[in-house]
Every structure is written in structure tokens, then in C-alpha cells.
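Down below is the structure, laid out as C-alpha cells.
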Amino acid sequence: MILLVCSMVLTSLILSSVSSTFVQVIKRDVCIIGGGSSGTFSAIQLQKAGKSVVVIEKEKVLGGHSNTYIDPKTYQAVDYGVVLFGNLQVVKNYFDYLEVRWDYGFLPSPPTKYFDFSNSKIENNVTVPDPRHALQTYLTQLIRYPEIQNGFFLPNPVPDDLLLPFGEFVTKYKIGDAVQIMWKYSQGIGDLLRQPTLYVLKLFGLNIIQKDLVDGFILPENQNNSKIYSKAYEKLKNSVLLDSYPIRIVRDKSKFVKVTVKTPVGCTLIKAKKLLVTIPPVTTNLHVFDLNSYETEIFNQFENTAFYTGLVRYTGLPANVSVDNINTNNPYGIPTLPALYSIMPTIIDGLFDVKYCSLHIMTEEAVKADILTSISKLQNVGTEKKTWRKPEFVAFSTHAPFHLTVSAEAVKNGFYDQLYSLQGKRNTYWTGSTFHVHNSGLLWKFTDEIVIPLLVESL
């Protein structure tokens, strides 16, 4: 609440300083809030459909959670946000249209050391169970709910199994041997075992088990995801406002939605027939919107996790070894959050990928400090006899708010029917991970098959 009030005060101060004259007035068919994965894809698809768009993105580049570091010495690229894409036709079509070369591939699987960061202990006797039988059992349950792979399209009434805390679902169907692999593929989900099973079944879904883990994921050429968004930017050209953010959005009954945008050169007024929102719909993100009571009631029900990713340069571990966080005192060895998932080597010697999750948003300084403290625990137990240098971050990105969820009771009472009922109301459409899942390929499919047709038809 304090953050929301501060944001409202800040917006009021900004608006009071805005001149009645805008540096420019832009008219478009659709104004898109957010230039991440869903926003950029939507802009390209609408442009292909012959509609005019403008994308508002707060960062200096498109891409959202797709973060790429270019080593200044070798010019090698390291993706430390989104790494790979689901094996879906929509992904292949999109990359082909952008002229981004791609191939099939799998997640790297270097030799693993297990370390309990909670007590600075190397776990040398960890036996990783064979997950194949458990995954087959899990798959038989997934197949019962094919509709949830396309969105939050739930049976009515919602089956009890989808509402169970996932830990109880695991026990019920005896699939504990697969929990570790689910944990690795569901980074950012928060407390995996306490989440309603619905969210786990969507995130670790049919496509991953039936295609991605069998035939391979889709990887852009040279594993440089920034090329996707630089190519998209070339296609969109003057239809993107980077380093910009809305400070007022009015969706009244007039002909246009009116969006006042703060840009590096001043304030711009956008008049659009429709608005497409792709950012996480939490009230701290939507304080500049003219939300009505129904919208506010829906969005206030969300809880979220926070996910952080970065690259750390240091010596002390072999270049081909991954260190996974494990807590043998917890069920299935899952660490207590907030915590690191792992420290993974990259293709650049001495550069390691780190992933960190919290149940609540933390400051960048606090997350970095905890990660570096965790690394120092490795140093103290002498995992490597080399001379250690002080570790340092060369890249860092905050993905928060990340995984948005509601309670099992809200799901049971029809929350997602209410959320989806917002499509088209007040000239506004919605997409992004909150409306489906944290998976770019599945989000593009959802956006392309459901949201874009509704939006185009309304125009």
C-alpha cells in the first residue's frame, strides 16, 4: 500500500509538470503497453495484419525477460534470462518471419555438485532418482486436462486435483521421483510444493514432456536471443517508444484510448482505438490506469514471486561443473526460499550463470549480497584449491513481479473466468504470462490464436 501511494504521488507530480503541449501526438490502431516477449510478438502480428501499432517499453531495448550479455573480449553471447523456446510451430514461424536462424537443442547438463547453502555443506552422497516412471504417471494426469495447455480454460466445477497443493498431488500419485526435474524446469514458481497443482501442470506441461524433452527445444542461432528483438525492432522501426513509460491512461467512452507517455525527449500523447496490456497486471504496475472497481477487485487478488538472474565472474570452480542448491532436510531436497537455484558455467571461462527466487520482491542490493554470500560459502569449504578472487557481477536482471497466482479458493470460485471477461472491455485487451504461463512459445500461441483475432475483429 505504501508503494502504491508513493507511485500515485509521483505520478501526480509528473503530471503537474507536464506542459499542455506535447512533443508529439501519435494516432494508432493499437497501443501496446510493454515490449517484452508478448508485447513484441503482438506488435509484429498486428503489423502483419495491416494494423498500425505503437509499443511503449520502459527499458532501452525490447525483450523483457530475455537478457543477453556480450563478452567485450570474445564477443560471445550469453543468454541469462530466457534461454530456450518450446518446440512449437508458432515459434518456428515467428523466427522465420524475423529471419532469425534456429535449430533444435537441449539444456546444458554439465557434471553437478550438490551444496546445501543453508548450512555450507557439500552433499556428496546425493542419489538422483530415475524420473521416467514418475513422469509417465504425471503425464497420464496431464492428459486429463488438455484445455489448460491453451490457457486458463478450466472445467466447471474445477476438479479437486487441480486445487490441491502440489506436494499433496505428488504424494497422491506417487511421483516424487520427478520433483527434482520439475523444480529445475519451473524456476521462479516459488514454493513448488505449496502452489495449487494447476500452476505446476501449466508450467511443466504437455509440450515440455511430449516434445521439448524428446525432440529438443528451439534455440536461436549462436544462442543469442537479443537477435530476436533487434530483428523485431527493425520490422517495427518508428512504432516503438523505448526508455518510456505511461504516466496517464484514460479509457473513457470517447473514440480513442488516450495514453500520456513520458519519453526521453518529453511527453507524447497517444490516441489509439484499442489498448493491449502485456505487463504483469498488479496494482503497482497499473496505478496510472483509470481502473474501475471490478478491475481493481480482480487484480488485487494476485500474489507474486520474484525471480532474479545474473552473471558472476569468479574463479574457484571448474569451468564445466554446475553447483545445485539442495536441502536434504526438506522434502525432495528443495531449498527454502529465498535462495539460489544453481551456479551454472557458461561458454565463457570464469563466467557463471546464477538464478535466484524469492516469495516476495527484494531489492537488487539484497539479492546480489545474498548471492555473493552464498558463493563465499563455497569458498570457505574449499570446493576448489585455486586461489579465489572476489566474485563480481557483470550482468543482473530483476524479473519481478514474476509468477502471479491466486488462491485455490479463488480458482474454484471462477477467478479466471472473471479475468478473461476483461478482454475487450473498455477498449482494452490483455495478454502475457499472467493470462497463460511463463513460456514464450505457449504465450505466442495463446496471443496469436485467441487475443489477436479478438482485437483485430474489434477494429
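Residues are referred to by chain and number: the chain letter is A, B, ... according to the order shown in the C-alpha cells, the number counts from 1 in that chain, and ligands are numbered separately from 1 in the order shown.
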
Considering only C-alpha atoms, tabulate each residue of range 7-120 of chain A that lies at most 12 Å from range 314-321 of chain A along with its nearest interatomic pair and the corresponding distance in Å to one decimal; arrange the rows by chain and ascending residue number and present them as a Markdown table.
| residue | atom | partner | partner_atom | distance |
| --- | --- | --- | --- | --- |
| A:Pro108 | CA | A:Asn320 | CA | 10.2 |
| A:Ser109 | CA | A:Val321 | CA | 9.1 |
| A:Pro110 | CA | A:Val321 | CA | 5.6 |
| A:Pro111 | CA | A:Val321 | CA | 5.2 |
| A:Thr112 | CA | A:Val321 | CA | 5.7 |
| A:Lys113 | CA | A:Val321 | CA | 7.1 |
| A:Tyr114 | CA | A:Val321 | CA | 10.4 |

Deliver the residues from the most recent selection as a file, using N, CA, C and O atoms, as a PDB file, in the first residue's frame.
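File part13.pdb, as written:
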ATOM      1  N   PRO A 108      21.952 -27.386 -21.302  1.00  0.00           N
ATOM      2  CA  PRO A 108      23.255 -27.991 -20.982  1.00  0.00           C
ATOM      3  C   PRO A 108      23.151 -28.798 -19.693  1.00  0.00           C
ATOM      4  O   PRO A 108      22.408 -28.443 -18.780  1.00  0.00           O
ATOM      5  N   SER A 109      23.887 -29.896 -19.632  1.00  0.00           N
ATOM      6  CA  SER A 109      23.851 -30.748 -18.429  1.00  0.00           C
ATOM      7  C   SER A 109      25.264 -31.104 -17.996  1.00  0.00           C
ATOM      8  O   SER A 109      25.711 -32.248 -18.150  1.00  0.00           O
ATOM      9  N   PRO A 110      26.004 -30.122 -17.469  1.00  0.00           N
ATOM     10  CA  PRO A 110      27.371 -30.412 -17.001  1.00  0.00           C
ATOM     11  C   PRO A 110      27.336 -31.263 -15.745  1.00  0.00           C
ATOM     12  O   PRO A 110      26.286 -31.390 -15.094  1.00  0.00           O
ATOM     13  N   PRO A 111      28.473 -31.859 -15.382  1.00  0.00           N
ATOM     14  CA  PRO A 111      28.537 -32.591 -14.106  1.00  0.00           C
ATOM     15  C   PRO A 111      28.108 -31.679 -12.958  1.00  0.00           C
ATOM     16  O   PRO A 111      28.376 -30.467 -12.966  1.00  0.00           O
ATOM     17  N   THR A 112      27.403 -32.273 -11.986  1.00  0.00           N
ATOM     18  CA  THR A 112      26.794 -31.482 -10.924  1.00  0.00           C
ATOM     19  C   THR A 112      27.367 -31.826  -9.555  1.00  0.00           C
ATOM     20  O   THR A 112      27.540 -33.002  -9.217  1.00  0.00           O
ATOM     21  N   LYS A 113      27.662 -30.775  -8.802  1.00  0.00           N
ATOM     22  CA  LYS A 113      27.941 -30.919  -7.376  1.00  0.00           C
ATOM     23  C   LYS A 113      26.739 -30.368  -6.617  1.00  0.00           C
ATOM     24  O   LYS A 113      26.142 -29.372  -7.026  1.00  0.00           O
ATOM     25  N   TYR A 114      26.392 -31.014  -5.520  1.00  0.00           N
ATOM     26  CA  TYR A 114      25.267 -30.565  -4.706  1.00  0.00           C
ATOM     27  C   TYR A 114      25.789 -29.919  -3.425  1.00  0.00           C
ATOM     28  O   TYR A 114      26.664 -30.453  -2.752  1.00  0.00           O
TER      29      TYR A 114
END

Tell me, as a short mmCIF file (atom, residue, chain, number, x, y, z; two decimals) with C-alpha atoms, in the first residue's frame, which residues lie within 8 Å of Pro157 in chain A, counting only C-alpha atoms; anything in the same chain fewer than 2 positions away does not count.
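And here is the file that came out, result_9.cif:
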data_model
loop_
_atom_site.label_atom_id
_atom_site.label_comp_id
_atom_site.auth_asym_id
_atom_site.auth_seq_id
_atom_site.Cartn_x
_atom_site.Cartn_y
_atom_site.Cartn_z
CA PRO A 155 -13.69 -27.42 -16.25
CA PRO A 159 -11.50 -30.66 -10.35
CA LYS A 412 -12.53 -22.70 -7.52
#

- Message: Could you pull out the helix (DSSP H, G or I) residues of range 58-278 of chain A, going by DSSP on the backbone, and write them as a ChimeraX atom specification?
- Response: /A:89-98,132-142,146-149,160-163,166-173,176-185,192-194,197-203,206-215,221-223,226-239

- Message: I'd like the contact shell of range 262-268 of chain A - 6 Å cut-off, only C-alpha atoms, skipping same-chain residues fewer than 3 positions apart - returned as an MDAnalysis selection string.
- Response: chainID A and resid 22:25 244:245

Could I get the residues of range 104-219 of chain A with an atom no further than 8 Å from an atom of range 349-363 of chain A, each paired with its nearest atom pair and that distance in Å to one decimal, using only C-alpha atoms, sorted by chain and residue number, as a tab-separated table?
residue	atom	partner	partner_atom	distance
A:Gln187	CA	A:Cys357	CA	7.6
A:Gly188	CA	A:Cys357	CA	5.7
A:Gly190	CA	A:Leu359	CA	5.8
A:Asp191	CA	A:Leu359	CA	7.5

- Query: If you count only C-alpha atoms, which residues fall within 12 Å of Asp160 in chain A, apart from same-chain ones fewer than 2 positions away, as a list in words?
  - Reply: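 The contact residues come out as Leu154, Pro155, Asn156, Pro157, Val158, Leu162, Leu163, Leu164, Pro165, Phe166, Glu168, Phe169, Pro196, Thr197, Leu198, Ala408, Glu409, Val411 and Lys412 of chain A.
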
- Neighbours of range 122-132 of chain A within 10 Å (only C-alpha atoms; same-chain residues fewer than 4 positions away dropped), as a ChimeraX atom specification? /A:113-117,136-138,175-182,323,325-328,332-333,378,381-383

- Could you pull out the strand (DSSP E) residues of range 100-138 of chain A from DSSP and send them as an MDAnalysis selection string? chainID A and resid 102:105 112:116 121:123

- Query: Out of A:Val240, A:Ile270, A:Val367, A:Ile33, which residue has the shortest atom-to-atom distance to Thr398 in chain A when counting only C-alpha atoms?
  - Reply: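 When distances to Thr398 in chain A are compared using only C-alpha atoms, the smallest one comes from A:Val367.
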
- Name all residues at most 9 Å from range 84-89 of chain A (count only C-alpha atoms; drop same-chain ones fewer than 2 positions away) and give them as an MDAnalysis selection string. chainID A and resid 82 91:94 104:107 207:208 211:212 215:220 223 225 439:442 445
